[in-house]
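Below is coords_23.json, which holds JSON, C-alpha atoms.
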```
[["chain", "number", "residue", "atom", "x", "y", "z"],
["A", 1, "MET", "CA", 73.56, 228.60, 122.35],
["A", 2, "GLY", "CA", 73.42, 224.94, 123.40],
["A", 3, "GLN", "CA", 76.00, 223.35, 125.68],
["A", 4, "ARG", "CA", 77.57, 221.44, 122.79],
["A", 5, "GLU", "CA", 77.97, 224.61, 120.70],
["A", 6, "LYS", "CA", 79.40, 226.45, 123.71],
["A", 7, "GLU", "CA", 82.04, 223.76, 124.25],
["A", 8, "LYS", "CA", 83.14, 224.17, 120.64],
["A", 9, "THR", "CA", 83.70, 227.90, 121.01],
["A", 10, "VAL", "CA", 85.54, 227.87, 124.34],
["A", 11, "ARG", "CA", 89.30, 227.67, 123.82],
["A", 12, "ARG", "CA", 90.94, 225.10, 126.05],
["A", 13, "PRO", "CA", 94.70, 225.53, 126.38],
["A", 14, "GLU", "CA", 96.92, 222.67, 127.53],
["A", 15, "PHE", "CA", 99.59, 224.11, 129.81],
["A", 16, "THR", "CA", 102.03, 221.69, 131.39],
["A", 17, "LEU", "CA", 104.69, 222.39, 133.99],
["A", 18, "ALA", "CA", 108.00, 222.81, 132.18],
["A", 19, "TYR", "CA", 110.39, 224.14, 134.79],
["A", 20, "THR", "CA", 110.61, 225.21, 138.43],
["A", 21, "PHE", "CA", 113.06, 227.95, 139.43],
["A", 22, "HIS", "CA", 114.57, 228.02, 142.92],
["A", 23, "GLY", "CA", 116.72, 230.72, 144.45],
["A", 24, "HIS", "CA", 114.76, 233.29, 146.43],
["A", 25, "THR", "CA", 114.90, 232.97, 150.21],
["A", 26, "ALA", "CA", 111.56, 234.70, 150.82],
["A", 27, "GLY", "CA", 108.28, 234.99, 148.91],
["A", 28, "ALA", "CA", 108.57, 235.99, 145.24],
["A", 29, "THR", "CA", 106.33, 239.03, 144.71],
["A", 30, "SER", "CA", 106.47, 239.72, 140.97],
["A", 31, "VAL", "CA", 107.68, 238.12, 137.76],
["A", 32, "LYS", "CA", 108.02, 239.71, 134.30],
["A", 33, "PHE", "CA", 109.19, 238.52, 130.90],
["A", 34, "SER", "CA", 111.34, 241.02, 129.00],
["A", 35, "PRO", "CA", 109.71, 242.55, 125.90],
["A", 36, "ASP", "CA", 112.19, 240.77, 123.62],
["A", 37, "GLY", "CA", 111.26, 237.43, 125.20],
["A", 38, "LYS", "CA", 114.83, 236.51, 126.18],
["A", 39, "TRP", "CA", 114.72, 237.04, 129.94],
["A", 40, "LEU", "CA", 112.57, 236.52, 132.97],
["A", 41, "ALA", "CA", 112.97, 238.78, 136.02],
["A", 42, "SER", "CA", 111.69, 237.95, 139.48],
["A", 43, "CYS", "CA", 111.77, 239.99, 142.66],
["A", 44, "SER", "CA", 111.26, 239.04, 146.25],
["A", 45, "ALA", "CA", 110.85, 240.03, 149.88],
["A", 46, "ASP", "CA", 114.48, 238.84, 150.20],
["A", 47, "GLN", "CA", 115.51, 242.23, 148.71],
["A", 48, "THR", "CA", 116.88, 240.75, 145.47],
["A", 49, "ILE", "CA", 116.07, 240.63, 141.77],
["A", 50, "LYS", "CA", 116.99, 237.49, 139.88],
["A", 51, "ILE", "CA", 117.34, 237.17, 136.12],
["A", 52, "TRP", "CA", 116.69, 233.88, 134.35],
["A", 53, "SER", "CA", 117.00, 232.86, 130.71],
["A", 54, "ALA", "CA", 113.58, 232.45, 129.12],
["A", 55, "THR", "CA", 115.03, 230.07, 126.54],
["A", 56, "THR", "CA", 117.34, 227.78, 128.54],
["A", 57, "PHE", "CA", 115.60, 228.33, 131.91],
["A", 58, "GLU", "CA", 119.01, 228.84, 133.51],
["A", 59, "TYR", "CA", 119.83, 231.31, 136.28],
["A", 60, "GLU", "CA", 121.82, 234.30, 135.01],
["A", 61, "GLN", "CA", 122.40, 236.86, 137.78],
["A", 62, "THR", "CA", 121.21, 238.52, 140.99],
["A", 63, "MET", "CA", 120.81, 242.27, 141.44],
["A", 64, "GLN", "CA", 121.14, 243.64, 144.96],
["A", 65, "GLY", "CA", 120.85, 247.13, 146.42],
["A", 66, "HIS", "CA", 117.44, 247.56, 148.02],
["A", 67, "THR", "CA", 117.40, 247.59, 151.82],
["A", 68, "GLN", "CA", 113.91, 246.14, 152.18],
["A", 69, "GLY", "CA", 111.67, 243.77, 150.26],
["A", 70, "ILE", "CA", 110.92, 244.40, 146.56],
["A", 71, "ASN", "CA", 107.29, 244.54, 145.43],
["A", 72, "ASP", "CA", 107.45, 244.95, 141.67],
["A", 73, "VAL", "CA", 109.74, 244.93, 138.64],
["A", 74, "ASP", "CA", 109.24, 246.16, 135.09],
["A", 75, "TRP", "CA", 111.33, 246.12, 131.92],
["A", 76, "ALA", "CA", 112.17, 249.05, 129.68],
["A", 77, "PRO", "CA", 110.86, 248.51, 126.12],
["A", 78, "ASP", "CA", 114.40, 247.80, 124.83],
["A", 79, "SER", "CA", 114.85, 244.99, 127.41],
["A", 80, "LYS", "CA", 118.21, 246.48, 128.44],
["A", 81, "THR", "CA", 117.08, 248.18, 131.64],
["A", 82, "LEU", "CA", 115.01, 246.98, 134.56],
["A", 83, "ALA", "CA", 113.19, 248.99, 137.24],
["A", 84, "SER", "CA", 112.26, 247.83, 140.74],
["A", 85, "GLY", "CA", 110.07, 249.27, 143.49],
["A", 86, "SER", "CA", 110.62, 248.47, 147.14],
["A", 87, "ASP", "CA", 109.45, 248.82, 150.72],
["A", 88, "ASP", "CA", 112.55, 251.00, 151.22],
["A", 89, "LYS", "CA", 110.52, 253.76, 149.44],
["A", 90, "THR", "CA", 112.87, 253.86, 146.44],
["A", 91, "ILE", "CA", 112.76, 252.88, 142.78],
["A", 92, "ARG", "CA", 116.01, 251.62, 141.32],
["A", 93, "LEU", "CA", 117.01, 251.29, 137.69],
["A", 94, "TRP", "CA", 119.37, 248.47, 136.69],
["A", 95, "ASP", "CA", 121.52, 247.76, 133.65],
["A", 96, "LEU", "CA", 120.91, 244.19, 132.50],
["A", 97, "GLN", "CA", 124.32, 243.63, 130.93],
["A", 98, "SER", "CA", 126.40, 244.71, 133.92],
["A", 99, "GLY", "CA", 123.86, 243.98, 136.63],
["A", 100, "LYS", "CA", 124.70, 247.33, 138.19],
["A", 101, "GLN", "CA", 122.41, 250.03, 139.46],
["A", 102, "ILE", "CA", 122.01, 253.07, 137.18],
["A", 103, "LEU", "CA", 119.78, 255.41, 139.19],
["A", 104, "THR", "CA", 117.85, 255.60, 142.44],
["A", 105, "LEU", "CA", 114.55, 257.49, 142.33],
["A", 106, "THR", "CA", 113.47, 258.94, 145.68],
["A", 107, "GLY", "CA", 110.39, 260.90, 146.65],
["A", 108, "HIS", "CA", 107.73, 258.47, 147.82],
["A", 109, "HIS", "CA", 106.95, 258.63, 151.54],
["A", 110, "ASN", "CA", 105.91, 255.00, 151.94],
["A", 111, "TYR", "CA", 106.35, 251.60, 150.29],
["A", 112, "VAL", "CA", 106.61, 251.63, 146.49],
["A", 113, "TYR", "CA", 104.15, 248.96, 145.46],
["A", 114, "CYS", "CA", 103.86, 249.09, 141.65],
["A", 115, "ILE", "CA", 105.78, 250.49, 138.67],
["A", 116, "SER", "CA", 105.29, 250.70, 134.90],
["A", 117, "TYR", "CA", 107.51, 251.84, 132.02],
["A", 118, "SER", "CA", 106.00, 253.96, 129.28],
["A", 119, "PRO", "CA", 106.06, 252.45, 125.75],
["A", 120, "LEU", "CA", 108.78, 254.93, 124.72],
["A", 121, "GLY", "CA", 110.89, 254.01, 127.72],
["A", 122, "ASN", "CA", 111.60, 257.59, 128.77],
["A", 123, "THR", "CA", 109.03, 257.75, 131.58],
["A", 124, "LEU", "CA", 108.23, 255.54, 134.54],
["A", 125, "ALA", "CA", 105.05, 255.57, 136.63],
["A", 126, "SER", "CA", 105.02, 254.44, 140.25],
["A", 127, "GLY", "CA", 102.30, 253.89, 142.83],
["A", 128, "SER", "CA", 102.84, 253.82, 146.56],
["A", 129, "TYR", "CA", 101.29, 253.24, 149.94],
["A", 130, "ASP", "CA", 101.57, 257.03, 150.32],
["A", 131, "GLU", "CA", 98.53, 257.15, 147.96],
["A", 132, "ALA", "CA", 100.43, 259.15, 145.31],
["A", 133, "LEU", "CA", 101.08, 258.39, 141.66],
["A", 134, "ARG", "CA", 104.45, 259.72, 140.47],
["A", 135, "LEU", "CA", 105.85, 260.12, 136.97],
["A", 136, "TRP", "CA", 109.63, 260.03, 136.52],
["A", 137, "ASP", "CA", 112.12, 260.96, 133.81],
["A", 138, "VAL", "CA", 114.28, 257.83, 133.78],
["A", 139, "ARG", "CA", 117.15, 259.61, 131.99],
["A", 140, "THR", "CA", 117.70, 262.12, 134.79],
["A", 141, "GLY", "CA", 115.86, 260.58, 137.75],
["A", 142, "THR", "CA", 113.70, 263.69, 138.04],
["A", 143, "CYS", "CA", 110.12, 263.43, 139.30],
["A", 144, "LEU", "CA", 108.01, 265.05, 136.60],
["A", 145, "ARG", "CA", 104.65, 265.02, 138.31],
["A", 146, "VAL", "CA", 103.00, 263.96, 141.58],
["A", 147, "LEU", "CA", 99.32, 263.09, 141.43],
["A", 148, "PRO", "CA", 97.29, 262.71, 144.66],
["A", 149, "ALA", "CA", 95.54, 259.87, 142.95],
["A", 150, "HIS", "CA", 93.72, 257.89, 145.62],
["A", 151, "SER", "CA", 92.61, 257.82, 149.25],
["A", 152, "ASP", "CA", 94.21, 254.44, 149.98],
["A", 153, "PRO", "CA", 97.44, 252.69, 148.87],
["A", 154, "ILE", "CA", 97.91, 252.42, 145.10],
["A", 155, "SER", "CA", 98.08, 248.79, 144.04],
["A", 156, "GLY", "CA", 98.54, 249.03, 140.25],
["A", 157, "VAL", "CA", 99.69, 251.33, 137.44],
["A", 158, "HIS", "CA", 99.94, 250.77, 133.69],
["A", 159, "PHE", "CA", 100.45, 252.83, 130.51],
["A", 160, "ASN", "CA", 98.29, 252.35, 127.44],
["A", 161, "ARG", "CA", 99.99, 251.25, 124.24],
["A", 162, "ASP", "CA", 100.91, 254.74, 122.97],
["A", 163, "GLY", "CA", 101.77, 256.14, 126.40],
["A", 164, "THR", "CA", 99.19, 258.93, 126.33],
["A", 165, "MET", "CA", 97.22, 257.54, 129.28],
["A", 166, "ILE", "CA", 98.00, 255.90, 132.61],
["A", 167, "VAL", "CA", 95.60, 253.81, 134.64],
["A", 168, "SER", "CA", 95.89, 253.46, 138.40],
["A", 169, "CYS", "CA", 93.95, 251.46, 140.96],
["A", 170, "SER", "CA", 93.77, 251.37, 144.71],
["A", 171, "HIS", "CA", 92.46, 249.72, 147.83],
["A", 172, "ASP", "CA", 89.91, 252.56, 147.86],
["A", 173, "GLY", "CA", 88.02, 250.59, 145.20],
["A", 174, "LEU", "CA", 88.59, 253.12, 142.42],
["A", 175, "ILE", "CA", 90.21, 252.83, 139.00],
["A", 176, "ARG", "CA", 91.36, 256.13, 137.53],
["A", 177, "ILE", "CA", 92.62, 257.00, 134.05],
["A", 178, "TRP", "CA", 95.01, 259.93, 133.67],
["A", 179, "ASP", "CA", 96.27, 262.06, 130.82],
["A", 180, "THR", "CA", 100.03, 261.53, 130.83],
["A", 181, "ALA", "CA", 100.87, 265.00, 129.50],
["A", 182, "THR", "CA", 98.63, 267.09, 131.76],
["A", 183, "GLY", "CA", 98.02, 264.88, 134.78],
["A", 184, "GLN", "CA", 94.27, 265.40, 134.40],
["A", 185, "CYS", "CA", 91.97, 262.63, 135.58],
["A", 186, "LEU", "CA", 90.00, 261.58, 132.51],
["A", 187, "LYS", "CA", 87.77, 258.92, 134.02],
["A", 188, "THR", "CA", 86.99, 257.22, 137.33],
["A", 189, "LEU", "CA", 85.60, 253.68, 137.34],
["A", 190, "VAL", "CA", 83.99, 251.98, 140.31],
["A", 191, "GLU", "CA", 81.96, 248.81, 140.67],
["A", 192, "GLN", "CA", 78.79, 250.19, 142.23],
["A", 193, "ASP", "CA", 77.56, 246.99, 143.81],
["A", 194, "GLU", "CA", 80.82, 245.80, 145.35],
["A", 195, "ASN", "CA", 83.42, 248.60, 145.54],
["A", 196, "ALA", "CA", 85.99, 246.03, 146.65],
["A", 197, "PRO", "CA", 89.68, 247.00, 146.92],
["A", 198, "VAL", "CA", 91.32, 246.80, 143.49],
["A", 199, "THR", "CA", 94.55, 244.78, 143.46],
["A", 200, "GLY", "CA", 95.82, 245.45, 139.94],
["A", 201, "VAL", "CA", 94.86, 246.87, 136.57],
["A", 202, "CYS", "CA", 96.14, 246.94, 132.99],
["A", 203, "PHE", "CA", 95.10, 248.09, 129.53],
["A", 204, "SER", "CA", 94.30, 245.43, 126.95],
["A", 205, "PRO", "CA", 96.85, 245.11, 124.11],
["A", 206, "ASN", "CA", 94.51, 246.95, 121.71],
["A", 207, "GLY", "CA", 94.01, 249.74, 124.24],
["A", 208, "LYS", "CA", 90.21, 249.51, 124.23],
["A", 209, "TYR", "CA", 89.62, 247.75, 127.53],
["A", 210, "LEU", "CA", 90.89, 247.43, 131.09],
["A", 211, "LEU", "CA", 91.32, 244.26, 133.12],
["A", 212, "ALA", "CA", 91.14, 244.76, 136.89],
["A", 213, "GLY", "CA", 91.49, 242.34, 139.78],
["A", 214, "THR", "CA", 89.64, 242.88, 143.05],
["A", 215, "LYS", "CA", 89.63, 241.45, 146.56],
["A", 216, "ASP", "CA", 86.14, 240.03, 146.16],
["A", 217, "SER", "CA", 87.80, 237.21, 144.20],
["A", 218, "ALA", "CA", 87.00, 238.55, 140.75],
["A", 219, "TYR", "CA", 88.61, 239.91, 137.61],
["A", 220, "ARG", "CA", 86.58, 242.43, 135.64],
["A", 221, "LEU", "CA", 86.87, 243.51, 132.03],
["A", 222, "TRP", "CA", 85.92, 247.18, 131.53],
["A", 223, "ASP", "CA", 85.01, 249.25, 128.52],
["A", 224, "TYR", "CA", 86.52, 252.33, 130.12],
["A", 225, "MET", "CA", 85.25, 254.79, 127.52],
["A", 226, "ARG", "CA", 81.67, 253.86, 128.39],
["A", 227, "GLY", "CA", 82.45, 253.25, 132.05],
["A", 228, "LYS", "CA", 80.86, 249.81, 131.76],
["A", 229, "CYS", "CA", 81.95, 246.47, 133.23],
["A", 230, "LEU", "CA", 81.57, 243.97, 130.38],
["A", 231, "LYS", "CA", 82.54, 240.66, 132.00],
["A", 232, "THR", "CA", 83.40, 239.24, 135.41],
["A", 233, "TYR", "CA", 85.74, 236.26, 135.77],
["A", 234, "LEU", "CA", 85.30, 234.09, 138.87],
["A", 235, "GLY", "CA", 86.64, 230.85, 140.28],
["A", 236, "HIS", "CA", 89.84, 231.82, 142.09],
["A", 237, "ARG", "CA", 90.20, 233.13, 145.65],
["A", 238, "ASN", "CA", 91.53, 236.62, 146.40],
["A", 239, "GLU", "CA", 90.50, 238.23, 149.67],
["A", 240, "LYS", "CA", 93.79, 239.20, 151.32],
["A", 241, "TYR", "CA", 96.65, 239.61, 148.87],
["A", 242, "SER", "CA", 97.14, 241.71, 145.75],
["A", 243, "ILE", "CA", 96.99, 239.06, 143.05],
["A", 244, "PHE", "CA", 96.92, 240.01, 139.41],
["A", 245, "SER", "CA", 97.44, 238.86, 135.84],
["A", 246, "THR", "CA", 98.33, 240.54, 132.58],
["A", 247, "GLY", "CA", 97.87, 239.67, 128.89],
["A", 248, "TRP", "CA", 95.47, 236.74, 128.44],
["A", 249, "VAL", "CA", 93.20, 236.29, 131.46],
["A", 250, "VAL", "CA", 95.52, 234.21, 133.61],
["A", 251, "GLY", "CA", 95.48, 234.88, 137.33],
["A", 252, "GLY", "CA", 96.96, 233.59, 140.56],
["A", 253, "SER", "CA", 94.90, 232.52, 143.54],
["A", 254, "GLU", "CA", 95.24, 232.34, 147.30],
["A", 255, "ASP", "CA", 94.50, 228.60, 147.10],
["A", 256, "SER", "CA", 97.93, 228.12, 145.40],
["A", 257, "ASP", "CA", 96.63, 227.52, 141.87],
["A", 258, "VAL", "CA", 96.79, 229.52, 138.64],
["A", 259, "PHE", "CA", 93.51, 229.96, 136.74],
["A", 260, "VAL", "CA", 93.07, 230.44, 132.99],
["A", 261, "TRP", "CA", 89.84, 231.97, 131.66],
["A", 262, "ASP", "CA", 88.39, 232.15, 128.19],
["A", 263, "VAL", "CA", 88.08, 235.89, 127.56],
["A", 264, "GLY", "CA", 84.84, 235.75, 125.62],
["A", 265, "MET", "CA", 82.95, 233.04, 127.47],
["A", 266, "LYS", "CA", 84.20, 233.80, 131.03],
["A", 267, "ASP", "CA", 84.76, 230.08, 131.63],
["A", 268, "VAL", "CA", 87.71, 228.69, 133.61],
["A", 269, "VAL", "CA", 89.35, 226.56, 130.91],
["A", 270, "GLN", "CA", 92.31, 225.27, 132.91],
["A", 271, "THR", "CA", 93.57, 225.25, 136.49],
["A", 272, "LEU", "CA", 97.35, 225.03, 136.84],
["A", 273, "VAL", "CA", 98.56, 223.20, 139.93],
["A", 274, "GLY", "CA", 102.11, 223.31, 141.27],
["A", 275, "HIS", "CA", 102.50, 226.01, 143.90],
["A", 276, "GLU", "CA", 102.29, 225.24, 147.60],
["A", 277, "ASP", "CA", 101.21, 228.71, 148.79],
["A", 278, "VAL", "CA", 99.57, 231.94, 147.59],
["A", 279, "VAL", "CA", 100.35, 232.85, 143.96],
["A", 280, "LEU", "CA", 101.19, 236.56, 143.80],
["A", 281, "GLY", "CA", 102.23, 237.18, 140.20],
["A", 282, "VAL", "CA", 101.95, 235.87, 136.67],
["A", 283, "SER", "CA", 103.48, 236.95, 133.38],
["A", 284, "ALA", "CA", 102.82, 235.88, 129.80],
["A", 285, "HIS", "CA", 105.65, 235.54, 127.29],
["A", 286, "PRO", "CA", 105.39, 238.30, 124.63],
["A", 287, "ARG", "CA", 105.25, 235.73, 121.83],
["A", 288, "GLY", "CA", 102.75, 233.51, 123.62],
["A", 289, "GLY", "CA", 102.83, 229.89, 124.69],
["A", 290, "ILE", "CA", 104.53, 230.35, 128.07],
["A", 291, "VAL", "CA", 103.25, 231.66, 131.39],
["A", 292, "ALA", "CA", 105.39, 232.18, 134.49],
["A", 293, "SER", "CA", 104.05, 232.52, 138.02],
["A", 294, "CYS", "CA", 105.51, 233.26, 141.43],
["A", 295, "GLY", "CA", 104.35, 233.18, 145.02],
["A", 296, "LEU", "CA", 104.90, 232.85, 148.72],
["A", 297, "ASP", "CA", 106.40, 229.37, 148.47],
["A", 298, "MET", "CA", 109.76, 231.10, 147.84],
["A", 299, "THR", "CA", 110.25, 229.75, 144.36],
["A", 300, "LEU", "CA", 109.49, 231.14, 140.98],
["A", 301, "PRO", "CA", 107.66, 227.91, 140.73],
["A", 302, "GLU", "CA", 105.96, 227.64, 137.46],
["A", 303, "LYS", "CA", 107.30, 227.89, 134.02],
["A", 304, "LEU", "CA", 104.31, 226.55, 132.16],
["A", 305, "GLN", "CA", 104.55, 225.57, 128.52],
["A", 306, "ALA", "CA", 101.42, 225.67, 126.35],
["A", 307, "ARG", "CA", 101.17, 222.99, 123.72],
["A", 308, "HIS", "CA", 98.55, 225.17, 122.06],
["A", 309, "PRO", "CA", 99.83, 228.77, 122.44],
["A", 310, "LEU", "CA", 97.21, 231.31, 123.37],
["A", 311, "LYS", "CA", 96.55, 234.02, 120.80]]
```
When written as structure tokens, how does the structure in this file appear?
Amino acid sequence: MGQREKEKTVRRPEFTLAYTFHGHTAGATSVKFSPDGKWLASCSADQTIKIWSATTFEYEQTMQGHTQGINDVDWAPDSKTLASGSDDKTIRLWDLQSGKQILTLTGHHNYVYCISYSPLGNTLASGSYDEALRLWDVRTGTCLRVLPAHSDPISGVHFNRDGTMIVSCSHDGLIRIWDTATGQCLKTLVEQDENAPVTGVCFSPNGKYLLAGTKDSAYRLWDYMRGKCLKTYLGHRNEKYSIFSTGWVVGGSEDSDVFVWDVGMKDVVQTLVGHEDVVLGVSAHPRGGIVASCGLDMTLPEKLQARHPLK
């Protein structure tokens, strides 16, 4: 394919900065749109969760209860409940309408770094610096299963679209896929040449692939059934922090920018500038067209509107 033909096939979005949120008093560690697209949740090392309107961009409420910094948040599928994982070793469930805490899940022996709701909303997965993957019944707060998943801290967990599998990743350089019902490890993926610490992982929307971020400044797209890395996305910098993206290949960088890649061609098609420090989290709106990012500059700094929504 000639250069001219390649340029025609590469999608080039046009994101522009639409809004900057301020409110956290320490670095913002994670940001997530609700599944219904109405809300945006952010969490921070300041021990709080803040809820923002995804339509008016206005601040709505703050949820407080953790005694140490919060590393991750995730929404239940009905967008009525929110979960958070913290350095205080707990996971807390919150009611969106009242802003009050529903349950506290205890059992991890070290920082809770990542959490993920199942598609049915009845189960939550959590990964910790204690190297264990736990599954929880969110109705009762009971720990259903403890998996000694990795030999280093777990940095990412995610359910596939029907909830039958969970993927986990770790600083040990491994990606593991688990059977939700039995806890059996179905597959272990490792990049043979690099084996860099893995900072985050998620299933693709169609459930056929995995996207993983690593500390060698790369994102990799895996065909996990074949155990094959299909594509590697480069251009950003990630050597120290756990930086990750979900949905379309949009990722934060330690150089304070947000990078957007064309999935098929592996090209960086846009670099989003606006942060003043490391970008730790990004989230894509469920209906497309908007990406939010957060980072160590203590804002939820970028609400980025696409003039040409990404499909």
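What separates CA of Ile290 in chain A from CA of Thr271 in chain A is a distance of 14.7 Å.
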I'd like the contact shell of Pro77 in chain A - 10 Å cut-off, all atoms listed in the file, skipping same-chain residues fewer than 4 positions apart - returned as a ChimeraX atom specification. /A:34-36,81-82,117-122
Name the residues in contact with Lys100 in chain A at a cut-off of 12 Å, using all atoms listed in the file, excluding same-chain residues fewer than 3 positions from it; report them as JSON, numbers by chain. {"A": [49, 61, 62, 63, 64, 65, 80, 81, 82, 83, 92, 93, 94, 95, 96, 97, 103, 104]}
Using only C-alpha atoms, please write the residues we just selected to a file, as a PDB file, in the coordinates of the input.
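See selection_10.pdb below for the written result:
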```pdb
ATOM      1  CA  ILE A  49     116.070 240.630 141.770  1.00  0.00           C
ATOM      2  CA  GLN A  61     122.400 236.860 137.780  1.00  0.00           C
ATOM      3  CA  THR A  62     121.210 238.520 140.990  1.00  0.00           C
ATOM      4  CA  MET A  63     120.810 242.270 141.440  1.00  0.00           C
ATOM      5  CA  GLN A  64     121.140 243.640 144.960  1.00  0.00           C
ATOM      6  CA  GLY A  65     120.850 247.130 146.420  1.00  0.00           C
ATOM      7  CA  LYS A  80     118.210 246.480 128.440  1.00  0.00           C
ATOM      8  CA  THR A  81     117.080 248.180 131.640  1.00  0.00           C
ATOM      9  CA  LEU A  82     115.010 246.980 134.560  1.00  0.00           C
ATOM     10  CA  ALA A  83     113.190 248.990 137.240  1.00  0.00           C
ATOM     11  CA  ARG A  92     116.010 251.620 141.320  1.00  0.00           C
ATOM     12  CA  LEU A  93     117.010 251.290 137.690  1.00  0.00           C
ATOM     13  CA  TRP A  94     119.370 248.470 136.690  1.00  0.00           C
ATOM     14  CA  ASP A  95     121.520 247.760 133.650  1.00  0.00           C
ATOM     15  CA  LEU A  96     120.910 244.190 132.500  1.00  0.00           C
ATOM     16  CA  GLN A  97     124.320 243.630 130.930  1.00  0.00           C
ATOM     17  CA  LEU A 103     119.780 255.410 139.190  1.00  0.00           C
ATOM     18  CA  THR A 104     117.850 255.600 142.440  1.00  0.00           C
TER      19      THR A 104
END
```
Using all atoms listed in the file, which of the listed residues (A:Ala196, A:Val190, A:Cys294, A:Ala125) sits closest to Cys229 in chain A? A:Val190
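Counting all atoms listed in the file and comparing A:Cys202, A:Lys187, A:Ser170, A:Ala76, the residue that lies closest to Arg139 in chain A is A:Ala76.
Restricting the calculation to all atoms listed in the file, the smallest distance between Leu280 in chain A and any of A:Ser116, A:Ser151, A:Thr199, A:Thr188 is found for A:Thr199.
Residues lying within 8 Å of Thr29 in chain A, counting all atoms listed in the file and ignoring same-chain neighbours fewer than 3 positions away, are Ser42, Cys43, Ser44, Ala45, Ile70, Asn71, Asp72, Leu280, Gly281, Cys294, Gly295 and Leu296 of chain A.
One finds CA of Gln47 in chain A at 8.8 Å from CA of Ala26 in chain A.
Between CA of Tyr19 in chain A and CA of Gly69 in chain A the interatomic distance comes to 25.0 Å.
Checking A:Ala212, A:Ala218, A:Leu40, A:Leu186 one by one against Ala54 in chain A, counting only C-alpha atoms, you find the shortest gap at A:Leu40.
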Selection: 12 Å around Gly227 in chain A, all atoms listed in the file, excl. self and same-chain fewer than 3 positions, as a PyMOL selection string: chain A and resi 175-177+186-192+208-210+221-224+230
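Distances to Val73 in chain A were evaluated for A:Thr56, A:Ser30, A:Thr214, A:Thr106 using all atoms listed in the file, and the minimum falls at A:Ser30.
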Report as a list in words all protein, DNA and RNA residues lying within 8 Å of range 152-156 of chain A, evaluated on all atoms listed in the file, omitting residues in the same chain fewer than 4 positions from it. Tyr113, Cys114, Ile115, Gly127, Ser128, Tyr129, Asp130, Glu131, Ala132, Leu133, Val167, Ser168, Cys169, Ser170, His171, Asp172, Val198, Thr199, Gly200, Val201, Cys202 and Ser242 of chain A
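The shortest atom-to-atom distance to Ile166 in chain A, with all atoms listed in the file taken into account, belongs to A:Ser126 out of A:Ser126, A:Thr67, A:Ser86, A:Thr142.
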